[in-house]
>>> print(open('start-v8.cif').read())   # mmCIF, C-alpha atoms
data_entry
#
loop_
_atom_site.label_atom_id
_atom_site.label_comp_id
_atom_site.auth_asym_id
_atom_site.auth_seq_id
_atom_site.Cartn_x
_atom_site.Cartn_y
_atom_site.Cartn_z
CA MET A 9 -13.50 33.12 7.81
CA SER A 10 -10.52 35.31 6.90
CA ILE A 11 -7.12 33.92 6.01
CA SER A 12 -4.12 35.55 7.63
CA PRO A 13 -1.44 37.14 5.44
CA SER A 14 1.13 34.79 6.98
CA ALA A 15 -0.91 31.75 5.89
CA LEU A 16 -1.17 33.12 2.37
CA SER A 17 2.58 33.76 2.35
CA THR A 18 3.33 30.21 3.53
CA SER A 19 0.99 28.73 0.91
CA SER A 20 2.67 30.80 -1.80
CA ILE A 21 6.14 29.68 -0.69
CA ILE A 22 5.08 26.01 -0.73
CA ALA A 23 3.51 26.41 -4.17
CA ASP A 24 6.76 27.98 -5.47
CA MET A 25 8.76 25.08 -4.01
CA ASP A 26 6.43 22.55 -5.68
CA ARG A 27 6.91 24.27 -9.02
CA GLN A 28 10.69 24.24 -8.63
CA LEU A 29 10.90 20.61 -7.48
CA THR A 30 8.55 19.19 -10.10
CA GLY A 31 9.11 21.59 -12.97
CA TRP A 32 5.32 21.99 -13.24
CA ASP A 33 3.85 25.49 -13.54
CA ASP A 34 0.51 24.19 -12.27
CA PRO A 35 1.05 21.16 -9.98
CA VAL A 36 -2.65 20.64 -9.21
CA GLY A 37 -3.58 20.87 -12.90
CA ARG A 38 -0.78 18.45 -13.80
CA LEU A 39 -1.97 15.87 -11.28
CA ARG A 40 -5.59 16.35 -12.32
CA ARG A 41 -4.68 15.71 -15.97
CA ALA A 42 -2.72 12.61 -14.95
CA LEU A 43 -5.83 11.18 -13.27
CA GLU A 44 -8.25 12.17 -16.02
CA ARG A 45 -6.05 11.06 -18.92
CA ASN A 46 -4.71 7.89 -17.26
CA GLU A 47 -1.11 9.13 -17.38
CA LEU A 48 -0.33 7.13 -14.25
CA VAL A 49 1.13 3.67 -14.81
CA VAL A 50 0.44 0.73 -12.50
CA TYR A 51 3.12 -1.82 -11.64
CA GLY A 52 2.77 -4.99 -9.62
CA GLN A 53 5.18 -6.73 -7.24
CA PRO A 54 4.17 -10.30 -6.33
CA VAL A 55 4.04 -11.61 -2.77
CA VAL A 56 5.42 -15.16 -2.65
CA ALA A 57 4.23 -18.04 -0.45
CA LEU A 58 7.18 -19.57 1.40
CA HIS A 59 5.67 -22.85 2.56
CA GLY A 60 3.30 -23.81 -0.22
CA GLN A 61 0.11 -23.12 1.70
CA GLU A 62 -1.29 -21.24 -1.29
CA ALA A 63 -0.77 -22.06 -4.96
CA SER A 64 -0.74 -18.35 -5.77
CA THR A 65 -0.85 -15.25 -3.62
CA PHE A 66 -1.25 -11.62 -4.63
CA ALA A 67 0.65 -8.64 -5.99
CA GLU A 68 1.02 -5.17 -4.52
CA VAL A 69 -0.01 -2.38 -6.88
CA LEU A 70 2.61 0.36 -7.27
CA VAL A 71 2.20 3.61 -9.20
CA ARG A 72 4.46 5.58 -11.52
CA LEU A 73 3.76 8.86 -13.34
CA ARG A 74 4.51 9.12 -17.04
CA GLU A 75 6.45 12.23 -18.02
CA GLU A 76 7.33 12.82 -21.66
CA GLU A 77 10.93 13.92 -21.09
CA ARG A 78 11.70 12.04 -17.86
CA ALA A 79 10.02 8.73 -18.71
CA LEU A 80 8.42 7.30 -15.54
CA LEU A 81 8.66 9.24 -12.29
CA PRO A 82 9.00 7.15 -9.09
CA PRO A 83 6.45 7.67 -6.30
CA GLY A 84 8.78 9.83 -4.23
CA ASP A 85 8.76 12.46 -6.97
CA PHE A 86 5.00 12.98 -7.13
CA LEU A 87 3.20 11.40 -4.14
CA PRO A 88 4.25 14.24 -1.80
CA VAL A 89 2.58 16.68 -4.21
CA PHE A 90 -0.64 14.64 -4.17
CA GLU A 91 -0.44 14.67 -0.37
CA HIS A 92 0.22 18.40 -0.08
CA TYR A 93 -2.77 19.33 -2.22
CA GLN A 94 -5.09 16.87 -0.42
CA MET A 95 -5.56 14.74 -3.57
CA MET A 96 -4.61 11.34 -2.18
CA GLN A 97 -8.25 10.21 -1.98
CA GLU A 98 -8.60 10.78 -5.72
CA LEU A 99 -5.37 8.90 -6.41
CA ASP A 100 -6.32 5.95 -4.18
CA ALA A 101 -9.73 5.70 -5.89
CA TRP A 102 -8.04 5.81 -9.31
CA VAL A 103 -5.61 3.04 -8.35
CA ALA A 104 -8.44 0.87 -6.98
CA ARG A 105 -10.47 1.34 -10.14
CA CYS A 106 -7.45 0.46 -12.29
CA ALA A 107 -6.71 -2.64 -10.17
CA ILE A 108 -10.29 -3.85 -10.54
CA ARG A 109 -10.12 -3.38 -14.30
CA HIS A 110 -6.95 -5.49 -14.51
CA LEU A 111 -8.49 -8.21 -12.34
CA ALA A 112 -11.50 -8.29 -14.64
CA GLN A 113 -9.21 -8.76 -17.64
CA GLY A 114 -7.46 -11.70 -15.97
CA LEU A 115 -4.18 -11.93 -14.03
CA ARG A 116 -1.94 -14.79 -12.92
CA VAL A 117 -2.55 -13.70 -9.33
CA PRO A 118 -6.07 -13.87 -7.88
CA SER A 119 -5.77 -10.72 -5.75
CA LEU A 120 -4.18 -7.28 -5.69
CA SER A 121 -3.21 -5.15 -2.71
CA ILE A 122 -3.57 -1.37 -2.74
CA ASN A 123 -1.87 1.11 -0.43
CA VAL A 124 -4.21 3.70 1.04
CA SER A 125 -3.17 7.06 2.43
CA GLU A 126 -3.98 8.68 5.73
CA GLN A 127 -6.25 11.10 3.85
CA THR A 128 -8.32 8.23 2.47
CA LEU A 129 -8.94 6.88 5.97
CA ASP A 130 -11.32 9.83 6.46
CA ASP A 131 -13.36 9.08 3.34
CA GLY A 132 -16.60 7.54 4.57
CA ARG A 133 -17.74 6.94 0.98
CA PHE A 134 -14.70 4.92 -0.08
CA ALA A 135 -16.03 1.46 0.83
CA GLY A 136 -19.30 2.13 -0.98
CA TYR A 137 -17.40 3.30 -4.04
CA ILE A 138 -15.25 0.15 -4.04
CA ALA A 139 -18.32 -2.07 -3.60
CA GLY A 140 -19.94 -0.48 -6.64
CA GLU A 141 -16.83 -0.82 -8.80
CA LEU A 142 -16.42 -4.49 -7.82
CA ARG A 143 -20.08 -5.22 -8.49
CA ASP A 144 -19.98 -3.56 -11.92
CA ALA A 145 -16.83 -5.51 -12.87
CA GLY A 146 -18.11 -8.83 -11.52
CA ILE A 147 -15.05 -9.22 -9.26
CA PRO A 148 -15.33 -10.79 -5.78
CA SER A 149 -14.54 -8.39 -2.94
CA ARG A 150 -11.93 -10.79 -1.56
CA ALA A 151 -9.79 -10.04 -4.61
CA LEU A 152 -8.84 -6.64 -3.15
CA ILE A 153 -6.55 -6.19 -0.15
CA PHE A 154 -6.11 -2.71 1.29
CA GLU A 155 -2.79 -1.83 2.92
CA VAL A 156 -2.92 0.53 5.91
CA ASP A 157 0.39 1.82 7.22
CA GLU A 158 1.13 1.02 10.86
CA ASN A 159 2.01 4.65 11.59
CA ASP A 160 -1.41 5.78 10.38
CA ALA A 161 -3.17 3.03 12.34
CA LEU A 162 -1.38 3.99 15.57
CA ALA A 163 -1.67 7.76 15.06
CA ARG A 164 -5.34 7.70 14.06
CA PRO A 165 -6.82 4.51 15.50
CA MET A 166 -10.50 5.51 15.26
CA ALA A 167 -10.32 6.61 11.63
CA ALA A 168 -8.29 3.53 10.68
CA SER A 169 -10.72 1.22 12.49
CA ARG A 170 -13.80 2.74 10.82
CA PHE A 171 -12.13 2.52 7.41
CA ALA A 172 -11.02 -1.10 7.87
CA HIS A 173 -14.37 -2.25 9.25
CA ALA A 174 -16.26 -0.68 6.34
CA LEU A 175 -14.09 -2.52 3.82
CA LYS A 176 -14.27 -5.78 5.76
CA GLU A 177 -18.06 -5.50 5.74
CA ILE A 178 -18.10 -5.58 1.93
CA GLY A 179 -15.71 -8.56 1.89
CA CYS A 180 -12.31 -6.98 1.20
CA ARG A 181 -9.21 -7.87 3.19
CA ILE A 182 -6.92 -5.64 5.27
CA LEU A 183 -3.13 -5.64 5.49
CA LEU A 184 -1.13 -3.72 8.09
CA ASP A 185 2.05 -2.43 6.45
CA GLY A 186 5.36 -1.57 8.12
CA PHE A 187 4.50 -3.66 11.17
CA GLY A 188 6.96 -3.40 14.06
CA ARG A 189 8.58 -0.24 12.70
CA ARG A 190 8.32 1.62 15.99
CA ALA A 191 7.44 -1.11 18.49
CA VAL A 192 5.62 -4.38 18.28
CA SER A 193 2.11 -3.26 19.24
CA PHE A 194 -0.57 -5.82 18.53
CA ALA A 195 -3.53 -3.55 19.28
CA PRO A 196 -4.15 -2.67 15.59
CA LEU A 197 -4.47 -6.35 14.65
CA THR A 198 -7.73 -6.63 16.57
CA ALA A 199 -8.94 -3.08 15.99
CA LEU A 200 -8.58 -3.35 12.20
CA ARG A 201 -9.50 -7.05 11.91
CA VAL A 202 -6.29 -7.53 9.96
CA ASP A 203 -5.76 -10.45 7.55
CA TYR A 204 -2.05 -9.84 6.87
CA VAL A 205 0.85 -7.97 8.45
CA LYS A 206 4.01 -6.95 6.61
CA VAL A 207 7.04 -7.06 8.88
CA ASP A 208 8.80 -3.75 8.40
CA GLY A 209 11.73 -3.88 6.00
CA VAL A 210 14.15 -2.48 8.59
CA ILE A 211 13.55 -5.57 10.75
CA VAL A 212 13.94 -7.92 7.79
CA ARG A 213 17.21 -6.32 6.67
CA LYS A 214 18.66 -6.57 10.19
CA LEU A 215 17.83 -10.24 10.78
CA GLY A 216 21.37 -11.39 10.10
CA GLY A 217 23.02 -9.20 12.71
CA SER A 218 20.45 -8.13 15.28
CA GLU A 219 19.06 -10.26 18.09
CA LEU A 220 16.39 -7.60 18.66
CA ALA A 221 15.22 -7.90 15.06
CA ARG A 222 15.01 -11.69 15.36
CA SER A 223 13.11 -11.39 18.65
CA LYS A 224 10.63 -8.97 17.09
CA LEU A 225 10.11 -11.32 14.16
CA ASN A 226 9.54 -14.33 16.41
CA ALA A 227 7.01 -12.38 18.49
CA ILE A 228 5.14 -11.31 15.36
CA VAL A 229 5.02 -14.88 14.03
CA THR A 230 3.82 -16.24 17.40
CA VAL A 231 0.96 -13.75 17.58
CA GLY A 232 0.16 -14.23 13.90
CA ASN A 233 -0.19 -17.97 14.43
CA ALA A 234 -2.39 -17.43 17.50
CA THR A 235 -4.69 -14.91 15.81
CA GLY A 236 -4.82 -16.32 12.29
CA VAL A 237 -3.05 -13.28 10.80
CA ALA A 238 -0.69 -14.16 7.94
CA VAL A 239 2.83 -12.71 8.19
CA ILE A 240 4.75 -11.26 5.23
CA GLY A 241 8.43 -10.32 5.25
CA GLU A 242 8.98 -7.29 3.02
CA SER A 243 12.16 -5.80 1.51
CA VAL A 244 13.72 -9.21 0.86
CA GLU A 245 16.74 -8.37 -1.28
CA SER A 246 19.04 -11.38 -0.82
CA PRO A 247 18.91 -15.12 0.03
CA GLU A 248 20.00 -14.65 3.68
CA PRO A 249 16.86 -12.93 5.05
CA LEU A 250 14.69 -15.21 2.95
CA ALA A 251 16.17 -18.27 4.69
CA GLN A 252 15.73 -16.63 8.08
CA LEU A 253 12.09 -15.78 7.34
CA LYS A 254 11.42 -19.38 6.34
CA ALA A 255 13.14 -20.71 9.46
CA ALA A 256 11.04 -18.41 11.66
CA GLY A 257 7.83 -19.71 10.11
CA VAL A 258 6.92 -16.59 8.14
CA GLY A 259 4.37 -17.51 5.49
CA PHE A 260 5.07 -14.98 2.74
CA ALA A 261 7.80 -12.72 1.39
CA GLN A 262 8.17 -9.79 -0.98
CA GLY A 263 11.13 -7.86 -2.32
CA LEU A 264 13.57 -7.21 -5.14
CA GLY A 265 15.39 -10.45 -4.34
CA LEU A 266 12.24 -12.34 -5.37
CA HIS A 267 10.48 -10.17 -7.96
CA ALA A 268 11.13 -6.66 -9.16
CA PRO A 269 8.05 -4.51 -9.78
CA ALA A 270 6.84 -4.86 -13.35
CA PRO A 271 3.97 -3.37 -15.38
CA LEU A 272 0.74 -4.96 -14.20
CA GLU A 273 0.01 -6.06 -17.74
CA THR A 274 2.90 -8.53 -17.49
CA LEU A 275 0.92 -10.44 -14.84
CA ALA A 276 -1.93 -10.99 -17.29
CA GLY A 277 -3.19 -14.53 -17.32
#
>>> encode(input="start-v8.cif", output="structure tokens")
Amino acid sequence: MSISPSALSTSSIIADMDRQLTGWDDPVGRLRRALERNELVVYGQPVVALHGQEASTFAEVLVRLREEERALLPPGDFLPVFEHYQMMQELDAWVARCAIRHLAQGLRVPSLSINVSEQTLDDGRFAGYIAGELRDAGIPSRALIFEVDENDALARPMAASRFAHALKEIGCRILLDGFGRRAVSFAPLTALRVDYVKVDGVIVRKLGGSELARSKLNAIVTVGNATGVAVIGESVESPEPLAQLKAAGVGFAQGLGLHAPAPLETLAG
């Protein structure tokens, strides 16, 4: 199959933009070295139980990239490059492997949640890879929770369902992230056999001044209670939304107002 000159020109322009934005002469090589040499750093942000139904919950794994001159790069500076070069599957596998290693070494939380990209939803080998890593480390499958973004679940329902079912079959749990961002659609809860939903941060931040936000939250809690899906309020940055989440019966919360992300090693048991 031939490639049109216009496609080559577009690819070249994008590559030049990547080099300018990142300062890397070889973006793919830089990302490959980061994966191979463990130059990515994992942080954790705990999810807190609001009503004491669990003694301890879990922490979301977040990734930073170590740069010699610019210290740690935030995700927004390098994740788009991973996405553009179709390397998110490699990154997601690396993060999962790193999370399992930390769990094996002992953490104060019994479980870790890992965000997975739209690209990884198409990886039919991912669940088998995770099962092997868990087995080798002696870690129960329930210790891993995989976060699927609501946009991906709604845009690609079949791929998201296959991915979630494969992970559920080996004993992992599934979390639907950014829930209610566009509209409160409960179809993915059944299709993905979800264990948790994270109420989108935009809803949480608007609770104090928006009746629509409060109505969305109440609907989510009602359905969560009826289906056995635990509800998490994300982006909690002050006491006001935390009180409103508690009053609405939300079970869990996460955000800078509770815990800032910290190196995963600091959660060591």
>>> resolve_selection(input="start-v8.cif", expression="the PyMOL selection byres ((chain A and resi 123-138) around 7)", output="ChimeraX atom specification")
/A:96-97,100,121-122,139-142,154-156,160,167-168,171,174-175
>>> atom_distance(input="start-v8.cif", atom1="atom CA of A:Lys254", atom2="atom CA of A:Ala57")
10.0 Å
>>> closest_residue(input="start-v8.cif", among="A:Asp157, A:Ile147, A:Leu39, A:Pro82", to="A:Leu99", atoms="only C-alpha atoms")
A:Leu39
>>> resolve_selection(input="start-v8.cif", expression="the PyMOL selection byres ((chain A and resi 244) around 8)", output="ChimeraX atom specification")
/A:209,212-213,241-243,245-247,249-250,261-266
>>> closest_residue(input="start-v8.cif", among="A:Gly188, A:Pro271, A:Gly52, A:Gly179", to="A:Ser223", atoms="only C-alpha atoms")
A:Gly188
>>> atom_distance(input="start-v8.cif", atom1="atom CA of A:Val229", atom2="atom CA of A:Lys206")
10.9 Å
>>> residues_around(input="start-v8.cif", residues="A:Arg72", least_positions_apart="3", cutoff="6 Å", atoms="all atoms listed in the file", output="PyMOL selection string")
chain A and resi 48-49+80-83
>>> axis_aligned_box(input="start-v8.cif", around="stretch 159-169 of chain A", padding_each_side="4 Å", output="JSON")
{"center_x": -4.4, "center_y": 4.5, "center_z": 13.0, "size_x": 20.7, "size_y": 14.5, "size_z": 13.2}
>>> resolve_selection(input="start-v8.cif", expression="the PyMOL selection byres ((chain A and resi 84) around 12)", output="VMD selection string")
chain A and resid 29 to 30 70 to 73 80 to 83 85 to 91
>>> write_last_selection(input="start-v8.cif", atoms="C-alpha atoms", output="PDB file, keeping the file's coordinate frame")
ATOM      1  CA  LEU A  29      10.900  20.610  -7.480  1.00  0.00           C
ATOM      2  CA  THR A  30       8.550  19.190 -10.100  1.00  0.00           C
ATOM      3  CA  LEU A  70       2.610   0.360  -7.270  1.00  0.00           C
ATOM      4  CA  VAL A  71       2.200   3.610  -9.200  1.00  0.00           C
ATOM      5  CA  ARG A  72       4.460   5.580 -11.520  1.00  0.00           C
ATOM      6  CA  LEU A  73       3.760   8.860 -13.340  1.00  0.00           C
ATOM      7  CA  LEU A  80       8.420   7.300 -15.540  1.00  0.00           C
ATOM      8  CA  LEU A  81       8.660   9.240 -12.290  1.00  0.00           C
ATOM      9  CA  PRO A  82       9.000   7.150  -9.090  1.00  0.00           C
ATOM     10  CA  PRO A  83       6.450   7.670  -6.300  1.00  0.00           C
ATOM     11  CA  ASP A  85       8.760  12.460  -6.970  1.00  0.00           C
ATOM     12  CA  PHE A  86       5.000  12.980  -7.130  1.00  0.00           C
ATOM     13  CA  LEU A  87       3.200  11.400  -4.140  1.00  0.00           C
ATOM     14  CA  PRO A  88       4.250  14.240  -1.800  1.00  0.00           C
ATOM     15  CA  VAL A  89       2.580  16.680  -4.210  1.00  0.00           C
ATOM     16  CA  PHE A  90      -0.640  14.640  -4.170  1.00  0.00           C
ATOM     17  CA  GLU A  91      -0.440  14.670  -0.370  1.00  0.00           C
TER      18      GLU A  91
END
>>> decode(input="start-v8.cif", residues="stretch 138-177 of chain A", atoms="N, CA and C atoms", output="PDB file, in the first residue's frame")
ATOM      1  N   ILE A 138      -1.657  -9.254  32.487  1.00  0.00           N
ATOM      2  CA  ILE A 138      -1.881  -8.864  33.883  1.00  0.00           C
ATOM      3  C   ILE A 138      -1.995 -10.101  34.768  1.00  0.00           C
ATOM      4  N   ALA A 139      -2.733 -11.111  34.304  1.00  0.00           N
ATOM      5  CA  ALA A 139      -2.884 -12.344  35.087  1.00  0.00           C
ATOM      6  C   ALA A 139      -1.535 -12.977  35.371  1.00  0.00           C
ATOM      7  N   GLY A 140      -0.652 -13.005  34.365  1.00  0.00           N
ATOM      8  CA  GLY A 140       0.671 -13.578  34.557  1.00  0.00           C
ATOM      9  C   GLY A 140       1.519 -12.791  35.538  1.00  0.00           C
ATOM     10  N   GLU A 141       1.466 -11.460  35.439  1.00  0.00           N
ATOM     11  CA  GLU A 141       2.242 -10.615  36.350  1.00  0.00           C
ATOM     12  C   GLU A 141       1.752 -10.770  37.790  1.00  0.00           C
ATOM     13  N   LEU A 142       0.435 -10.824  37.972  1.00  0.00           N
ATOM     14  CA  LEU A 142      -0.123 -11.009  39.314  1.00  0.00           C
ATOM     15  C   LEU A 142       0.268 -12.371  39.888  1.00  0.00           C
ATOM     16  N   ARG A 143       0.179 -13.384  39.060  1.00  0.00           N
ATOM     17  CA  ARG A 143       0.524 -14.742  39.512  1.00  0.00           C
ATOM     18  C   ARG A 143       2.008 -14.809  39.920  1.00  0.00           C
ATOM     19  N   ASP A 144       2.875 -14.238  39.109  1.00  0.00           N
ATOM     20  CA  ASP A 144       4.306 -14.280  39.418  1.00  0.00           C
ATOM     21  C   ASP A 144       4.630 -13.528  40.703  1.00  0.00           C
ATOM     22  N   ALA A 145       3.880 -12.445  40.982  1.00  0.00           N
ATOM     23  CA  ALA A 145       4.137 -11.627  42.174  1.00  0.00           C
ATOM     24  C   ALA A 145       3.404 -12.149  43.406  1.00  0.00           C
ATOM     25  N   GLY A 146       2.491 -13.091  43.216  1.00  0.00           N
ATOM     26  CA  GLY A 146       1.710 -13.600  44.346  1.00  0.00           C
ATOM     27  C   GLY A 146       0.709 -12.597  44.882  1.00  0.00           C
ATOM     28  N   ILE A 147       0.178 -11.749  44.002  1.00  0.00           N
ATOM     29  CA  ILE A 147      -0.772 -10.698  44.395  1.00  0.00           C
ATOM     30  C   ILE A 147      -2.163 -11.098  43.930  1.00  0.00           C
ATOM     31  N   PRO A 148      -3.187 -10.983  44.788  1.00  0.00           N
ATOM     32  CA  PRO A 148      -4.557 -11.313  44.356  1.00  0.00           C
ATOM     33  C   PRO A 148      -5.043 -10.347  43.289  1.00  0.00           C
ATOM     34  N   SER A 149      -5.802 -10.856  42.340  1.00  0.00           N
ATOM     35  CA  SER A 149      -6.287 -10.024  41.230  1.00  0.00           C
ATOM     36  C   SER A 149      -7.132  -8.855  41.711  1.00  0.00           C
ATOM     37  N   ARG A 150      -7.838  -9.041  42.815  1.00  0.00           N
ATOM     38  CA  ARG A 150      -8.714  -7.996  43.337  1.00  0.00           C
ATOM     39  C   ARG A 150      -7.930  -6.749  43.743  1.00  0.00           C
ATOM     40  N   ALA A 151      -6.637  -6.881  43.890  1.00  0.00           N
ATOM     41  CA  ALA A 151      -5.817  -5.747  44.310  1.00  0.00           C
ATOM     42  C   ALA A 151      -5.646  -4.707  43.206  1.00  0.00           C
ATOM     43  N   LEU A 152      -6.025  -5.036  41.977  1.00  0.00           N
ATOM     44  CA  LEU A 152      -5.911  -4.082  40.880  1.00  0.00           C
ATOM     45  C   LEU A 152      -7.300  -3.650  40.414  1.00  0.00           C
ATOM     46  N   ILE A 153      -7.454  -2.349  40.246  1.00  0.00           N
ATOM     47  CA  ILE A 153      -8.686  -1.749  39.729  1.00  0.00           C
ATOM     48  C   ILE A 153      -8.306  -0.987  38.462  1.00  0.00           C
ATOM     49  N   PHE A 154      -8.997  -1.231  37.370  1.00  0.00           N
ATOM     50  CA  PHE A 154      -8.678  -0.561  36.121  1.00  0.00           C
ATOM     51  C   PHE A 154      -9.730   0.491  35.819  1.00  0.00           C
ATOM     52  N   GLU A 155      -9.249   1.720  35.579  1.00  0.00           N
ATOM     53  CA  GLU A 155     -10.123   2.863  35.346  1.00  0.00           C
ATOM     54  C   GLU A 155     -10.313   3.087  33.848  1.00  0.00           C
ATOM     55  N   VAL A 156     -11.555   2.981  33.402  1.00  0.00           N
ATOM     56  CA  VAL A 156     -11.925   3.253  32.012  1.00  0.00           C
ATOM     57  C   VAL A 156     -12.665   4.574  31.964  1.00  0.00           C
ATOM     58  N   ASP A 157     -12.253   5.468  31.083  1.00  0.00           N
ATOM     59  CA  ASP A 157     -12.905   6.768  30.991  1.00  0.00           C
ATOM     60  C   ASP A 157     -14.289   6.632  30.369  1.00  0.00           C
ATOM     61  N   GLU A 158     -15.252   7.376  30.907  1.00  0.00           N
ATOM     62  CA  GLU A 158     -16.617   7.306  30.396  1.00  0.00           C
ATOM     63  C   GLU A 158     -16.688   7.632  28.908  1.00  0.00           C
ATOM     64  N   ASN A 159     -15.924   8.615  28.452  1.00  0.00           N
ATOM     65  CA  ASN A 159     -15.945   8.962  27.029  1.00  0.00           C
ATOM     66  C   ASN A 159     -15.557   7.780  26.155  1.00  0.00           C
ATOM     67  N   ASP A 160     -14.526   7.033  26.587  1.00  0.00           N
ATOM     68  CA  ASP A 160     -14.099   5.863  25.821  1.00  0.00           C
ATOM     69  C   ASP A 160     -15.167   4.773  25.854  1.00  0.00           C
ATOM     70  N   ALA A 161     -15.790   4.595  27.023  1.00  0.00           N
ATOM     71  CA  ALA A 161     -16.817   3.551  27.154  1.00  0.00           C
ATOM     72  C   ALA A 161     -18.034   3.848  26.283  1.00  0.00           C
ATOM     73  N   LEU A 162     -18.398   5.133  26.163  1.00  0.00           N
ATOM     74  CA  LEU A 162     -19.553   5.503  25.349  1.00  0.00           C
ATOM     75  C   LEU A 162     -19.212   5.530  23.861  1.00  0.00           C
ATOM     76  N   ALA A 163     -17.983   5.947  23.526  1.00  0.00           N
ATOM     77  CA  ALA A 163     -17.587   6.037  22.126  1.00  0.00           C
ATOM     78  C   ALA A 163     -17.293   4.667  21.530  1.00  0.00           C
ATOM     79  N   ARG A 164     -16.767   3.755  22.358  1.00  0.00           N
ATOM     80  CA  ARG A 164     -16.375   2.440  21.852  1.00  0.00           C
ATOM     81  C   ARG A 164     -16.896   1.356  22.791  1.00  0.00           C
ATOM     82  N   PRO A 165     -18.210   1.199  22.845  1.00  0.00           N
ATOM     83  CA  PRO A 165     -18.809   0.302  23.832  1.00  0.00           C
ATOM     84  C   PRO A 165     -18.391  -1.157  23.699  1.00  0.00           C
ATOM     85  N   MET A 166     -18.245  -1.656  22.476  1.00  0.00           N
ATOM     86  CA  MET A 166     -17.884  -3.065  22.304  1.00  0.00           C
ATOM     87  C   MET A 166     -16.460  -3.339  22.786  1.00  0.00           C
ATOM     88  N   ALA A 167     -15.525  -2.477  22.398  1.00  0.00           N
ATOM     89  CA  ALA A 167     -14.140  -2.655  22.816  1.00  0.00           C
ATOM     90  C   ALA A 167     -14.018  -2.528  24.337  1.00  0.00           C
ATOM     91  N   ALA A 168     -14.704  -1.531  24.908  1.00  0.00           N
ATOM     92  CA  ALA A 168     -14.650  -1.336  26.353  1.00  0.00           C
ATOM     93  C   ALA A 168     -15.250  -2.528  27.085  1.00  0.00           C
ATOM     94  N   SER A 169     -16.358  -3.075  26.567  1.00  0.00           N
ATOM     95  CA  SER A 169     -16.998  -4.216  27.207  1.00  0.00           C
ATOM     96  C   SER A 169     -16.102  -5.452  27.161  1.00  0.00           C
ATOM     97  N   ARG A 170     -15.506  -5.734  26.006  1.00  0.00           N
ATOM     98  CA  ARG A 170     -14.604  -6.894  25.901  1.00  0.00           C
ATOM     99  C   ARG A 170     -13.440  -6.752  26.862  1.00  0.00           C
ATOM    100  N   PHE A 171     -12.869  -5.557  26.919  1.00  0.00           N
ATOM    101  CA  PHE A 171     -11.721  -5.306  27.798  1.00  0.00           C
ATOM    102  C   PHE A 171     -12.106  -5.518  29.258  1.00  0.00           C
ATOM    103  N   ALA A 172     -13.215  -4.911  29.676  1.00  0.00           N
ATOM    104  CA  ALA A 172     -13.647  -5.010  31.070  1.00  0.00           C
ATOM    105  C   ALA A 172     -13.989  -6.442  31.446  1.00  0.00           C
ATOM    106  N   HIS A 173     -14.680  -7.151  30.577  1.00  0.00           N
ATOM    107  CA  HIS A 173     -15.070  -8.526  30.885  1.00  0.00           C
ATOM    108  C   HIS A 173     -13.847  -9.422  31.029  1.00  0.00           C
ATOM    109  N   ALA A 174     -12.839  -9.218  30.178  1.00  0.00           N
ATOM    110  CA  ALA A 174     -11.626 -10.030  30.265  1.00  0.00           C
ATOM    111  C   ALA A 174     -10.920  -9.822  31.602  1.00  0.00           C
ATOM    112  N   LEU A 175     -10.875  -8.587  32.075  1.00  0.00           N
ATOM    113  CA  LEU A 175     -10.229  -8.311  33.360  1.00  0.00           C
ATOM    114  C   LEU A 175     -11.073  -8.794  34.532  1.00  0.00           C
ATOM    115  N   LYS A 176     -12.391  -8.673  34.414  1.00  0.00           N
ATOM    116  CA  LYS A 176     -13.264  -9.196  35.459  1.00  0.00           C
ATOM    117  C   LYS A 176     -13.135 -10.714  35.568  1.00  0.00           C
ATOM    118  N   GLU A 177     -12.929 -11.388  34.455  1.00  0.00           N
ATOM    119  CA  GLU A 177     -12.799 -12.838  34.460  1.00  0.00           C
ATOM    120  C   GLU A 177     -11.579 -13.303  35.239  1.00  0.00           C
TER     121      GLU A 177
END
